[in-house]
Structure formats: C-alpha cells, structure tokens
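Text of protein-v5.cif, listed as mmCIF, C-alpha atoms:
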data_target
loop_
_atom_site.label_atom_id
_atom_site.label_comp_id
_atom_site.auth_asym_id
_atom_site.auth_seq_id
_atom_site.Cartn_x
_atom_site.Cartn_y
_atom_site.Cartn_z
CA MET Y 149 -73.57 -68.40 142.70
CA LYS Y 150 -70.36 -70.24 143.50
CA LYS Y 151 -70.84 -72.33 140.37
CA VAL Y 152 -71.07 -69.26 138.19
CA PHE Y 153 -67.87 -67.93 139.69
CA PHE Y 154 -66.16 -71.22 139.10
CA LEU Y 155 -67.17 -71.24 135.44
CA LEU Y 156 -66.05 -67.65 135.04
CA VAL Y 157 -62.63 -68.35 136.49
CA CYS Y 158 -62.27 -71.44 134.28
CA SER Y 159 -63.10 -69.42 131.17
CA LEU Y 160 -60.66 -66.78 132.26
CA LEU Y 161 -57.87 -69.33 132.62
CA LEU Y 162 -58.69 -70.78 129.21
CA VAL Y 163 -58.47 -67.36 127.57
CA ALA Y 164 -55.25 -66.57 129.42
CA GLN Y 165 -53.71 -69.85 128.31
CA THR Y 166 -54.60 -69.14 124.68
CA SER Y 167 -53.21 -65.62 124.89
CA PHE Y 168 -49.91 -66.82 126.23
CA ALA Y 169 -49.64 -69.83 123.92
CA GLN Y 170 -47.68 -67.92 121.28
CA SER Y 171 -44.86 -67.00 123.61
CA ASN Y 172 -44.51 -70.53 124.95
CA ALA Y 173 -40.76 -70.83 124.69
CA THR Y 174 -40.58 -74.60 125.15
CA GLU Y 175 -41.29 -75.39 121.50
CA HIS Y 176 -39.73 -73.43 118.68
CA ARG Y 177 -41.29 -73.79 115.25
CA VAL Y 178 -39.62 -72.53 112.09
CA VAL Y 179 -40.56 -72.69 108.42
CA PHE Y 180 -37.78 -72.19 105.85
CA HIS Y 181 -38.51 -70.89 102.33
CA LEU Y 182 -36.23 -72.38 99.65
CA SER Y 183 -36.67 -71.15 96.07
CA THR Y 184 -33.10 -70.88 94.79
CA SER Y 185 -31.09 -73.30 92.65
CA ASP Y 186 -27.85 -72.03 94.24
CA THR Y 187 -26.17 -75.14 95.63
CA LEU Y 188 -24.12 -73.01 98.05
CA ALA Y 189 -27.42 -71.83 99.50
CA HIS Y 190 -28.54 -75.48 99.73
CA LYS Y 191 -25.34 -76.32 101.61
CA ALA Y 192 -25.81 -73.36 103.95
CA LEU Y 193 -29.42 -74.42 104.65
CA ILE Y 194 -28.35 -77.96 105.58
CA LYS Y 195 -25.81 -76.54 108.02
CA GLN Y 196 -28.37 -74.11 109.49
CA LEU Y 197 -30.89 -76.88 110.12
CA SER Y 198 -28.19 -78.87 111.95
CA ASN Y 199 -27.07 -75.83 113.92
CA VAL Y 200 -30.60 -75.07 115.10
CA LEU Y 201 -31.18 -78.73 116.10
CA ALA Y 202 -27.89 -78.75 118.01
CA TYR Y 203 -29.04 -75.65 119.88
CA TRP Y 204 -32.74 -76.54 120.31
CA ASN Y 205 -33.13 -80.29 120.00
CA THR Y 206 -36.93 -80.18 120.17
CA ALA Y 207 -37.39 -77.47 117.51
CA LYS Y 208 -39.99 -78.27 114.86
CA MET Y 209 -38.71 -77.30 111.44
CA GLU Y 210 -40.13 -77.51 107.94
CA VAL Y 211 -38.47 -76.55 104.68
CA VAL Y 212 -40.86 -75.56 101.86
CA ILE Y 213 -39.24 -76.15 98.46
CA HIS Y 214 -40.68 -74.61 95.30
CA ASN Y 215 -39.77 -72.88 92.06
CA ASN Y 216 -36.01 -72.87 91.33
CA GLY Y 217 -35.33 -74.64 94.63
CA ILE Y 218 -36.83 -77.90 93.37
CA GLY Y 219 -33.47 -79.44 92.36
CA PHE Y 220 -32.64 -79.69 96.06
CA MET Y 221 -35.31 -82.42 96.35
CA GLN Y 222 -34.89 -84.17 92.97
CA THR Y 223 -33.23 -87.57 93.25
CA SER Y 224 -31.32 -87.00 90.03
CA GLU Y 225 -30.18 -83.50 90.96
CA SER Y 226 -29.77 -83.12 94.71
CA GLY Y 227 -26.29 -83.12 96.19
CA PHE Y 228 -27.73 -83.47 99.69
CA ALA Y 229 -29.79 -86.70 99.66
CA LYS Y 230 -27.88 -88.21 102.60
CA GLU Y 231 -28.04 -85.06 104.75
CA ILE Y 232 -31.76 -84.63 103.98
CA ALA Y 233 -32.46 -88.24 105.03
CA GLU Y 234 -30.59 -87.68 108.29
CA LEU Y 235 -32.48 -84.46 109.02
CA GLN Y 236 -35.79 -86.21 108.26
CA GLN Y 237 -34.87 -88.85 110.84
CA ARG Y 238 -34.32 -86.06 113.35
CA GLY Y 239 -37.82 -84.72 112.63
CA VAL Y 240 -37.29 -82.07 109.94
CA THR Y 241 -40.05 -82.00 107.29
CA PHE Y 242 -39.25 -81.31 103.63
CA ALA Y 243 -42.41 -80.09 101.85
CA VAL Y 244 -42.39 -80.00 98.05
CA CYS Y 245 -44.75 -77.82 95.99
CA GLU Y 246 -46.97 -79.87 93.66
CA ASN Y 247 -47.56 -76.84 91.41
CA THR Y 248 -43.81 -76.69 90.76
CA LEU Y 249 -43.65 -80.42 89.99
CA ARG Y 250 -46.55 -80.14 87.54
CA GLN Y 251 -45.21 -77.03 85.80
CA ARG Y 252 -41.76 -78.61 85.40
CA LYS Y 253 -43.10 -82.09 84.54
CA ILE Y 254 -41.21 -83.71 87.40
CA ASP Y 255 -42.60 -87.03 88.57
CA LYS Y 256 -43.05 -87.60 92.31
CA ALA Y 257 -41.04 -90.79 91.83
CA ASN Y 258 -38.06 -88.55 91.12
CA VAL Y 259 -38.41 -86.74 94.45
CA LEU Y 260 -36.29 -87.82 97.45
CA PRO Y 261 -37.94 -90.34 99.82
CA ASN Y 262 -40.19 -89.21 102.67
CA ALA Y 263 -40.85 -85.77 101.20
CA VAL Y 264 -44.24 -84.29 102.03
CA PHE Y 265 -46.24 -82.79 99.15
CA VAL Y 266 -48.17 -79.53 99.40
CA PRO Y 267 -50.46 -78.15 96.67
CA VAL Y 268 -49.03 -74.59 96.63
CA GLY Y 269 -45.66 -73.83 98.27
CA ILE Y 270 -46.46 -70.17 99.03
CA ALA Y 271 -49.78 -71.20 100.62
CA GLU Y 272 -47.95 -73.64 102.90
CA LEU Y 273 -45.60 -70.84 104.02
CA VAL Y 274 -48.66 -68.69 104.79
CA LEU Y 275 -50.45 -71.45 106.73
CA LYS Y 276 -47.40 -72.08 108.89
CA GLN Y 277 -47.02 -68.37 109.71
CA GLU Y 278 -50.74 -68.17 110.52
CA ALA Y 279 -50.16 -71.05 112.96
CA GLY Y 280 -47.43 -69.03 114.69
CA TRP Y 281 -44.28 -70.47 113.06
CA ALA Y 282 -41.34 -68.13 112.50
CA TYR Y 283 -40.35 -67.59 108.85
CA ILE Y 284 -36.82 -67.69 107.45
CA LYS Y 285 -35.99 -67.05 103.80
CA ALA Y 286 -33.10 -69.35 102.87
CA GLY Y 287 -30.34 -68.14 100.56
CA PHE Y 288 -28.14 -65.10 100.47
CA MET J 80 -75.57 -58.10 140.72
CA LYS J 81 -76.84 -59.81 137.58
CA LYS J 82 -75.87 -56.75 135.59
CA VAL J 83 -72.27 -56.94 136.80
CA PHE J 84 -72.11 -60.60 135.81
CA PHE J 85 -73.51 -59.81 132.40
CA LEU J 86 -70.89 -57.11 131.82
CA LEU J 87 -68.12 -59.41 133.02
CA VAL J 88 -69.16 -62.19 130.64
CA CYS J 89 -69.39 -59.71 127.75
CA SER J 90 -65.86 -58.43 128.44
CA LEU J 91 -64.67 -62.00 128.63
CA LEU J 92 -66.17 -62.85 125.26
CA LEU J 93 -64.63 -59.73 123.73
CA VAL J 94 -61.17 -60.70 124.97
CA ALA J 95 -61.64 -64.28 123.79
CA GLN J 96 -62.69 -63.12 120.33
CA THR J 97 -59.62 -60.91 120.05
CA SER J 98 -57.35 -63.70 121.17
CA PHE J 99 -58.68 -66.05 118.55
CA ALA J 100 -58.84 -63.49 115.73
CA GLN J 101 -55.35 -64.29 114.48
CA SER J 102 -56.07 -67.92 113.78
CA ASN J 103 -59.23 -67.18 111.81
CA ALA J 104 -58.53 -69.36 108.79
CA THR J 105 -61.28 -67.97 106.57
CA GLU J 106 -59.25 -65.06 105.25
CA HIS J 107 -55.61 -65.43 104.25
CA ARG J 108 -53.53 -62.25 104.06
CA VAL J 109 -50.07 -62.16 102.52
CA VAL J 110 -47.59 -59.36 101.93
CA PHE J 111 -44.86 -59.95 99.34
CA HIS J 112 -41.51 -58.13 99.49
CA LEU J 113 -40.05 -57.31 96.06
CA SER J 114 -36.65 -55.59 95.94
CA THR J 115 -34.89 -57.30 93.04
CA SER J 116 -34.48 -56.16 89.42
CA ASP J 117 -34.29 -59.81 88.29
CA THR J 118 -37.04 -60.15 85.67
CA LEU J 119 -37.14 -63.93 86.19
CA ALA J 120 -38.05 -63.21 89.82
CA HIS J 121 -40.75 -60.80 88.57
CA LYS J 122 -42.15 -63.52 86.31
CA ALA J 123 -42.09 -66.04 89.17
CA LEU J 124 -43.92 -63.58 91.45
CA ILE J 125 -46.69 -63.02 88.86
CA LYS J 126 -47.17 -66.78 88.61
CA GLN J 127 -47.18 -67.18 92.42
CA LEU J 128 -49.85 -64.52 92.88
CA SER J 129 -52.02 -66.32 90.30
CA ASN J 130 -51.37 -69.70 91.89
CA VAL J 131 -52.39 -68.46 95.34
CA LEU J 132 -55.57 -66.83 93.95
CA ALA J 133 -56.45 -70.05 92.11
CA TYR J 134 -56.08 -71.93 95.40
CA TRP J 135 -57.61 -69.33 97.76
CA ASN J 136 -59.83 -67.02 95.73
CA THR J 137 -60.55 -64.71 98.68
CA ALA J 138 -56.90 -64.25 99.75
CA LYS J 139 -55.88 -60.64 100.33
CA MET J 140 -52.47 -59.99 98.83
CA GLU J 141 -50.22 -56.96 98.63
CA VAL J 142 -46.88 -56.64 96.90
CA VAL J 143 -44.54 -53.98 98.33
CA ILE J 144 -42.08 -52.79 95.69
CA HIS J 145 -38.98 -50.81 96.62
CA ASN J 146 -35.27 -50.40 95.92
CA ASN J 147 -34.07 -52.42 92.89
CA GLY J 148 -37.56 -53.87 92.42
CA ILE J 149 -38.94 -50.55 91.20
CA GLY J 150 -38.58 -51.39 87.49
CA PHE J 151 -41.38 -53.93 87.93
CA MET J 152 -43.79 -50.99 88.39
CA GLN J 153 -42.29 -48.44 85.95
CA THR J 154 -44.40 -47.99 82.82
CA SER J 155 -41.28 -47.64 80.69
CA GLU J 156 -39.55 -50.68 82.21
CA SER J 157 -42.04 -53.29 83.35
CA GLY J 158 -42.55 -56.39 81.25
CA PHE J 159 -45.66 -57.29 83.26
CA ALA J 160 -48.04 -54.32 82.88
CA LYS J 161 -50.87 -56.49 81.53
CA GLU J 162 -50.52 -59.18 84.20
CA ILE J 163 -50.31 -56.56 86.97
CA ALA J 164 -53.53 -54.89 85.72
CA GLU J 165 -55.29 -58.27 85.71
CA LEU J 166 -54.13 -59.06 89.23
CA GLN J 167 -55.25 -55.60 90.42
CA GLN J 168 -58.71 -56.34 89.03
CA ARG J 169 -58.70 -59.54 91.07
CA GLY J 170 -57.93 -57.53 94.21
CA VAL J 171 -54.14 -57.66 94.50
CA THR J 172 -52.57 -54.39 95.73
CA PHE J 173 -49.24 -53.17 94.36
CA ALA J 174 -47.68 -50.70 96.82
CA VAL J 175 -44.76 -48.57 95.62
CA CYS J 176 -42.22 -46.96 97.99
CA GLU J 177 -42.17 -43.15 97.66
CA ASN J 178 -38.65 -42.99 99.13
CA THR J 179 -37.41 -45.12 96.25
CA LEU J 180 -39.19 -42.93 93.68
CA ARG J 181 -37.69 -39.78 95.20
CA GLN J 182 -34.16 -41.19 95.45
CA ARG J 183 -34.25 -42.42 91.84
CA LYS J 184 -36.08 -39.31 90.53
CA ILE J 185 -38.93 -41.37 89.09
CA ASP J 186 -42.16 -39.47 88.55
CA LYS J 187 -45.40 -41.06 89.77
CA ALA J 188 -46.73 -40.47 86.25
CA ASN J 189 -44.25 -43.14 85.13
CA VAL J 190 -45.66 -45.74 87.54
CA LEU J 191 -48.22 -48.29 86.32
CA PRO J 192 -51.90 -47.31 86.83
CA ASN J 193 -53.71 -48.05 90.10
CA ALA J 194 -50.54 -48.50 92.13
CA VAL J 195 -50.81 -47.52 95.77
CA PHE J 196 -48.03 -45.32 97.20
CA VAL J 197 -46.48 -45.84 100.63
CA PRO J 198 -43.94 -43.48 102.25
CA VAL J 199 -41.41 -46.18 103.26
CA GLY J 200 -41.56 -49.68 101.75
CA ILE J 201 -39.96 -51.42 104.74
CA ALA J 202 -42.38 -49.68 107.13
CA GLU J 203 -45.33 -50.94 105.07
CA LEU J 204 -43.98 -54.52 105.33
CA VAL J 205 -43.73 -54.03 109.10
CA LEU J 206 -47.25 -52.60 109.45
CA LYS J 207 -48.74 -55.51 107.54
CA GLN J 208 -46.93 -58.08 109.70
CA GLU J 209 -48.07 -56.22 112.84
CA ALA J 210 -51.63 -56.56 111.51
CA GLY J 211 -51.16 -60.33 111.21
CA TRP J 212 -50.31 -60.72 107.53
CA ALA J 213 -47.89 -63.47 106.52
CA TYR J 214 -44.63 -62.28 104.92
CA ILE J 215 -43.02 -63.73 101.80
CA LYS J 216 -39.74 -62.51 100.36
CA ALA J 217 -40.00 -62.70 96.57
CA GLY J 218 -37.02 -63.76 94.49
CA PHE J 219 -34.62 -66.66 94.61
CA MET B 111 -67.84 -60.86 147.59
CA LYS B 112 -66.73 -57.44 146.42
CA LYS B 113 -63.11 -58.52 146.83
CA VAL B 114 -63.61 -61.51 144.55
CA PHE B 115 -65.14 -59.28 141.91
CA PHE B 116 -62.26 -56.87 142.19
CA LEU B 117 -59.71 -59.66 141.67
CA LEU B 118 -61.66 -61.02 138.74
CA VAL B 119 -61.79 -57.66 137.01
CA CYS B 120 -58.06 -57.15 137.62
CA SER B 121 -57.25 -60.55 136.08
CA LEU B 122 -59.49 -59.70 133.16
CA LEU B 123 -57.68 -56.43 132.54
CA LEU B 124 -54.32 -58.18 132.74
CA VAL B 125 -55.39 -60.74 130.12
CA ALA B 126 -56.86 -58.03 127.93
CA GLN B 127 -53.64 -56.03 128.09
CA THR B 128 -51.61 -59.05 127.08
CA SER B 129 -53.97 -59.86 124.22
CA PHE B 130 -53.74 -56.36 122.83
CA ALA B 131 -49.99 -55.97 123.37
CA GLN B 132 -49.11 -57.28 119.92
CA SER B 133 -51.14 -54.69 118.06
CA ASN B 134 -49.78 -51.80 120.11
CA ALA B 135 -48.80 -49.48 117.30
CA THR B 136 -46.72 -47.09 119.40
CA GLU B 137 -43.57 -49.19 119.21
CA HIS B 138 -42.45 -50.84 116.01
CA ARG B 139 -39.95 -53.66 116.27
CA VAL B 140 -38.13 -55.08 113.26
CA VAL B 141 -35.48 -57.75 112.88
CA PHE B 142 -33.43 -57.75 109.65
CA HIS B 143 -31.79 -60.91 108.31
CA LEU B 144 -28.43 -60.31 106.58
CA SER B 145 -26.66 -63.30 105.03
CA THR B 146 -25.27 -61.92 101.79
CA SER B 147 -21.75 -60.69 100.96
CA ASP B 148 -23.18 -58.33 98.30
CA THR B 149 -21.91 -54.88 99.30
CA LEU B 150 -24.71 -53.22 97.31
CA ALA B 151 -27.15 -55.08 99.59
CA HIS B 152 -25.15 -53.83 102.61
CA LYS B 153 -25.42 -50.25 101.30
CA ALA B 154 -29.16 -50.66 100.72
CA LEU B 155 -29.62 -52.01 104.26
CA ILE B 156 -27.81 -49.01 105.80
CA LYS B 157 -30.11 -46.68 103.86
CA GLN B 158 -33.22 -48.65 104.86
CA LEU B 159 -32.34 -48.51 108.57
CA SER B 160 -31.91 -44.72 108.26
CA ASN B 161 -35.15 -44.38 106.32
CA VAL B 162 -37.13 -46.31 108.91
CA LEU B 163 -35.61 -44.26 111.78
CA ALA B 164 -36.42 -41.02 109.94
CA TYR B 165 -40.02 -42.22 109.63
CA TRP B 166 -40.42 -43.86 113.06
CA ASN B 167 -37.81 -42.41 115.41
CA THR B 168 -38.69 -44.80 118.25
CA ALA B 169 -38.55 -48.00 116.17
CA LYS B 170 -36.53 -50.81 117.74
CA MET B 171 -34.39 -52.49 115.11
CA GLU B 172 -31.92 -55.35 115.16
CA VAL B 173 -29.83 -56.70 112.30
CA VAL B 174 -28.82 -60.36 112.60
CA ILE B 175 -25.64 -61.03 110.62
CA HIS B 176 -24.52 -64.56 109.79
CA ASN B 177 -23.09 -66.77 107.06
CA ASN B 178 -21.91 -64.81 103.99
CA GLY B 179 -23.09 -61.55 105.57
CA ILE B 180 -20.30 -61.62 108.16
CA GLY B 181 -17.96 -59.31 106.17
CA PHE B 182 -20.41 -56.48 106.89
CA MET B 183 -19.31 -56.64 110.56
CA GLN B 184 -15.60 -57.49 110.15
CA THR B 185 -13.32 -54.56 110.97
CA SER B 186 -10.97 -55.54 108.17
CA GLU B 187 -13.73 -56.00 105.59
CA SER B 188 -16.69 -53.74 106.27
CA GLY B 189 -17.17 -50.65 104.12
CA PHE B 190 -19.78 -49.34 106.56
CA ALA B 191 -18.03 -49.05 109.95
CA LYS B 192 -18.88 -45.35 110.33
CA GLU B 193 -22.55 -45.77 109.35
CA ILE B 194 -22.91 -48.80 111.65
CA ALA B 195 -21.46 -46.83 114.60
CA GLU B 196 -23.92 -43.99 113.91
CA LEU B 197 -26.86 -46.38 113.74
CA GLN B 198 -25.75 -48.06 116.98
CA GLN B 199 -25.80 -44.64 118.66
CA ARG B 200 -29.36 -44.21 117.45
CA GLY B 201 -30.31 -47.51 119.09
CA VAL B 202 -29.94 -50.09 116.29
CA THR B 203 -28.51 -53.44 117.45
CA PHE B 204 -26.12 -55.43 115.27
CA ALA B 205 -26.13 -59.08 116.37
CA VAL B 206 -23.37 -61.35 115.07
CA CYS B 207 -23.69 -65.17 114.92
CA GLU B 208 -21.00 -66.91 117.01
CA ASN B 209 -21.41 -70.13 114.98
CA THR B 210 -20.37 -68.20 111.86
CA LEU B 211 -17.36 -66.68 113.64
CA ARG B 212 -16.24 -70.11 114.85
CA GLN B 213 -16.73 -71.83 111.49
CA ARG B 214 -14.79 -69.10 109.67
CA LYS B 215 -12.15 -68.71 112.42
CA ILE B 216 -12.88 -65.00 112.85
CA ASP B 217 -11.83 -63.55 116.17
CA LYS B 218 -14.31 -61.35 118.05
CA ALA B 219 -11.52 -58.76 118.22
CA ASN B 220 -11.94 -58.40 114.44
CA VAL B 221 -15.66 -57.57 114.75
CA LEU B 222 -16.80 -53.91 114.75
CA PRO B 223 -17.21 -52.31 118.22
CA ASN B 224 -20.45 -52.64 120.19
CA ALA B 225 -21.70 -55.64 118.25
CA VAL B 226 -23.86 -58.05 120.20
CA PHE B 227 -23.06 -61.77 119.92
CA VAL B 228 -25.70 -64.48 119.58
CA PRO B 229 -24.96 -68.23 119.62
CA VAL B 230 -27.01 -69.11 116.49
CA GLY B 231 -28.12 -66.40 114.06
CA ILE B 232 -31.19 -68.29 112.81
CA ALA B 233 -32.30 -68.95 116.42
CA GLU B 234 -32.07 -65.23 117.19
CA LEU B 235 -34.30 -64.47 114.16
CA VAL B 236 -36.79 -67.03 115.49
CA LEU B 237 -36.76 -65.66 119.06
CA LYS B 238 -37.42 -62.14 117.82
CA GLN B 239 -40.37 -63.28 115.68
CA GLU B 240 -41.74 -65.26 118.63
CA ALA B 241 -41.58 -62.02 120.65
CA GLY B 242 -43.68 -60.28 117.98
CA TRP B 243 -41.00 -58.52 115.92
CA ALA B 244 -41.58 -58.13 112.18
CA TYR B 245 -39.05 -59.92 109.92
CA ILE B 246 -37.34 -58.45 106.88
CA LYS B 247 -34.92 -60.38 104.69
CA ALA B 248 -32.23 -57.94 103.53
CA GLY B 249 -30.81 -58.15 100.02
CA PHE B 250 -32.35 -58.32 96.58
#
Now, as a test, write the supplied structure out as structure tokens.
Amino acid sequence: MKKVFFLLVCSLLLVAQTSFAQSNATEHRVVFHLSTSDTLAHKALIKQLSNVLAYWNTAKMEVVIHNNGIGFMQTSESGFAKEIAELQQRGVTFAVCENTLRQRKIDKANVLPNAVFVPVGIAELVLKQEAGWAYIKAGF
Amino acid sequence: MKKVFFLLVCSLLLVAQTSFAQSNATEHRVVFHLSTSDTLAHKALIKQLSNVLAYWNTAKMEVVIHNNGIGFMQTSESGFAKEIAELQQRGVTFAVCENTLRQRKIDKANVLPNAVFVPVGIAELVLKQEAGWAYIKAGF
Amino acid sequence: MKKVFFLLVCSLLLVAQTSFAQSNATEHRVVFHLSTSDTLAHKALIKQLSNVLAYWNTAKMEVVIHNNGIGFMQTSESGFAKEIAELQQRGVTFAVCENTLRQRKIDKANVLPNAVFVPVGIAELVLKQEAGWAYIKAGF
C-alpha cells in the first residue's frame, strides 16, 4: 500500500514539474524572425540582441533568416559580419533557410561562418514556438 | 479502496495528457498575420504556405487578413486568386476581418470564394495563439 | 489514511488548475509590439485596441513601444495623446523601453502621462509571452 502511495506521489510531482516548466523564469528563450533587407532593421536587431544579453546573460536566442533577410548572412553583402561573429561567441544562433538559398542560387560557401542551416525558415520558427520559445518579429 | 485508487490514477493520467498536449509534434498549427498591401509580401506568403505544406503535408494553417492586407482577398484586387483557391483545396484557411470590410465598405460578395469571416482579425490571432498555434507575422 | 487521500486529491486539483489555466478563455491577454515610426501604423494600432475592447471588454492589453516606435509616446511628437489617455483609462498599458529613451536622450518628462517604463522592450515582450499572453506585431 505504501509503495502505491509513493508511486502516486512521484507521478504527481513529475506532472507538476512538467506543468510548471514553461514558466521557469531562469532561462529565457527567444526566436527572432528576420525577413527584411532593410539594413537599418539589421542594425536594430544587432543592438537588440546585445541589449537582451546585457540584461539576461543566460538567455538563449536564435535568429531565423529567410526571404529578403538573407543578405544579412551573405558574406558578400552583410554589413554586420563582425557583430554576428561576436554574438555567435556569446551563444546566439543564426539559422539560415535552405529554401531561400536554393531559390536565390546562393551557395552555402557564401554564408557567414558558423551559421546553422534549416530546411524551411518558417518551419523553424514554428518548431521553436512549439518548444515554448517567445517569438519576436524583427524590423519596423 | 481500490476504486478510489483507480479514479485517482485516471485523473492523474488525464492531467498528464493535458500537460503534454502542447508539445505533441505530430500536428503543426500556424496562424499567419497579413496586414500589408505590399504585393511582394503577398507573393512571399503564397510561396511560404506552399513551402510549409511541402515540408509538413498535414500542417494546419490559417491566414488572418485585415487592415491594409484586405486587397489580397478582394476579387477585384487580388493577384493571387488562383493560388489561394489551390491552397484552400489543400486545407489552408483564409480568414477575413469583418471589421475591415465594414470600415472600408467592401461587400462580402467581392471577397474571394471560400473565405472564412471573423468579427475582429486581431481577436482571431489571439484565439489561435491561446489554442496553441504558432504565430508568424507575414511581410518584411 | 483518509487525510493522506484528502491531501493527494487537493494536490491533484491544484496541478489540474494550473494545467488548465492557459486555456481559460474568460480573460484574453495580448501584448502588442510597436517599433515603427509610421504614423499610419500608429493610427491603425489605436483603432485595433478599440476594436478588441469593443469585442472583449475585459481583455488585458499592453503595448510595448521601443526603437523607432518611440515617437508614438513622446509628448512633443505623438499625434495620439488623447486616444492613448482614453485607452489607458479603459485599462490598456503603454510600456516604454528605457534603453530606447537613454540611447535617444529622451527625458521621461517628455513621455506621455501614465506610461509604464520597462528596462528592455524586447525582454518585456518575452516575459509577457512566457506568462501566456498572445503576441501581435503592430504595423504593416
């Protein structure tokens, strides 16, 4: 009888833990959606990522780049290669849409170092939200 | 006594199931927010809906159209009537804001076939997020 | 024995309540993200806040203003001071990013009355989503 109780209480705690997991304030997770070619928006995004890291130094952040945003991650186009490298070193992920690369005939060799590749940018934004990440649309 | 245990375990399982429902990865649900008149953004959205369906053929997707986005769904304005009809046949819902129609004096007869009507576009975007759908703001 | 059962059932109910809290449809909570200087987008946002309140009169709404959106809340710039005051009286919160004020050397005395101040606008948008609020990006 005692055993059954013990198992019940354990299950209960497990369920409780899962229920509360989403509001666990110790780790903030944010996915940014970048689809604009506006370099002022790129500049603003860089500053926002820094500002959030200065405020929450353990925040997990990922930027998903697709469509017209792709120039931000192209070696020959980006005005923010240095800042992106620094943010990567501080743990920020930059995820580039492979559909966009294919449709625009951009070679992965022309993408900034240490980028992560995802098959479909929108799908990546959905997966992150499903996993409990907050969503921010970059740009104005 | 055994009965009470049985009921307790059943309740427990019910709670557990509810807690885990949100992370059920077998069905992806996405609501898109379209409020721009930019026809390049309309074209990009059409392509994105196709790309997501090609990647996840059971994804449930709804586009909420309001404010300046309304031209996308007006028979006399839209450049994407054929593509929208095809996407509807593949299960995508196009939900038009009735507030926008009223404020712009657009008759429902001038909206593309098989559109769904919602009283307030923003409220529809909220309801879908409350039901666990991921949110994507269309446009650049 | 009865006591233990009683405590177990109480815990169970507590967990259940927490699990269901998110889908409680009686209170809608929405955070709006405003980062554009486009006054037509400001006008559209004012109308949307009114429309949602007309539809759901108990909705809790907060607008987070940062970056290029700041003019919307500057006494010397905003074209919507009267409408913002009315919406505040109806319970809408307008939260201004202190990082933006500092970077643009705008004094809090030049911000519309009854604004709330938040250290980092993006962080506030994240906190609200973590607490279960729906997210809407304002603008087109």
Evaluate the PyMOL selection byres ((chain J and resi 194-207) around 10) and record the selected residues as a ChimeraX atom specification, following the chain and residue labels used in the document.
-> /J:108-114,141-146,152,163-164,167,172-180,187,190-193,208-215 /B:133,135,138-141,158-159,161-166,169,243-246
Those same residues - C-alpha atoms - I'd like them written as a compact mmCIF listing (two decimals), keeping the file's coordinate frame.
# COMPACT_ATOMS: atom_id res chain seq x y z
CA ARG J 108 -53.53 -62.25 104.06
CA VAL J 109 -50.07 -62.16 102.52
CA VAL J 110 -47.59 -59.36 101.93
CA PHE J 111 -44.86 -59.95 99.34
CA HIS J 112 -41.51 -58.13 99.49
CA LEU J 113 -40.05 -57.31 96.06
CA SER J 114 -36.65 -55.59 95.94
CA GLU J 141 -50.22 -56.96 98.63
CA VAL J 142 -46.88 -56.64 96.90
CA VAL J 143 -44.54 -53.98 98.33
CA ILE J 144 -42.08 -52.79 95.69
CA HIS J 145 -38.98 -50.81 96.62
CA ASN J 146 -35.27 -50.40 95.92
CA MET J 152 -43.79 -50.99 88.39
CA ILE J 163 -50.31 -56.56 86.97
CA ALA J 164 -53.53 -54.89 85.72
CA GLN J 167 -55.25 -55.60 90.42
CA THR J 172 -52.57 -54.39 95.73
CA PHE J 173 -49.24 -53.17 94.36
CA ALA J 174 -47.68 -50.70 96.82
CA VAL J 175 -44.76 -48.57 95.62
CA CYS J 176 -42.22 -46.96 97.99
CA GLU J 177 -42.17 -43.15 97.66
CA ASN J 178 -38.65 -42.99 99.13
CA THR J 179 -37.41 -45.12 96.25
CA LEU J 180 -39.19 -42.93 93.68
CA LYS J 187 -45.40 -41.06 89.77
CA VAL J 190 -45.66 -45.74 87.54
CA LEU J 191 -48.22 -48.29 86.32
CA PRO J 192 -51.90 -47.31 86.83
CA ASN J 193 -53.71 -48.05 90.10
CA GLN J 208 -46.93 -58.08 109.70
CA GLU J 209 -48.07 -56.22 112.84
CA ALA J 210 -51.63 -56.56 111.51
CA GLY J 211 -51.16 -60.33 111.21
CA TRP J 212 -50.31 -60.72 107.53
CA ALA J 213 -47.89 -63.47 106.52
CA TYR J 214 -44.63 -62.28 104.92
CA ILE J 215 -43.02 -63.73 101.80
CA SER B 133 -51.14 -54.69 118.06
CA ALA B 135 -48.80 -49.48 117.30
CA HIS B 138 -42.45 -50.84 116.01
CA ARG B 139 -39.95 -53.66 116.27
CA VAL B 140 -38.13 -55.08 113.26
CA VAL B 141 -35.48 -57.75 112.88
CA GLN B 158 -33.22 -48.65 104.86
CA LEU B 159 -32.34 -48.51 108.57
CA ASN B 161 -35.15 -44.38 106.32
CA VAL B 162 -37.13 -46.31 108.91
CA LEU B 163 -35.61 -44.26 111.78
CA ALA B 164 -36.42 -41.02 109.94
CA TYR B 165 -40.02 -42.22 109.63
CA TRP B 166 -40.42 -43.86 113.06
CA ALA B 169 -38.55 -48.00 116.17
CA TRP B 243 -41.00 -58.52 115.92
CA ALA B 244 -41.58 -58.13 112.18
CA TYR B 245 -39.05 -59.92 109.92
CA ILE B 246 -37.34 -58.45 106.88
Between atom CA of Arg238 of chain Y and atom CA of Ala286 of chain Y lies a distance of 19.8 Å
Check the smallest atom-to-atom distance from each of B:Ala151, B:Ala219, B:Leu197, B:Val202 to chain J using all atoms listed in the file, then report the winner.
->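 Result for the nearest residue to chain J: B:Ala151.
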Within 10 Å of file point (-17.2, -55.6, 105.2), counting all atoms listed in the file, expressed as a PyMOL selection string | chain B and resi 147-149+152+179-191+221-222
Record the distance separating atom CA of Asn147 of chain J and atom CA of Leu150 of chain B, expressed in Å with one decimal.
->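 Taking atom CA of Asn147 of chain J as the start and atom CA of Leu150 of chain B as the end point, the length is 10.4 Å.
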For chain J, which residue among Y:Ser198, Y:Met209, Y:Lys191, Y:Gln251 is the nearest when counting all atoms listed in the file?
->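 Of Y:Ser198, Y:Met209, Y:Lys191, Y:Gln251, the one nearest chain J, counting all atoms listed in the file, is Y:Gln251.
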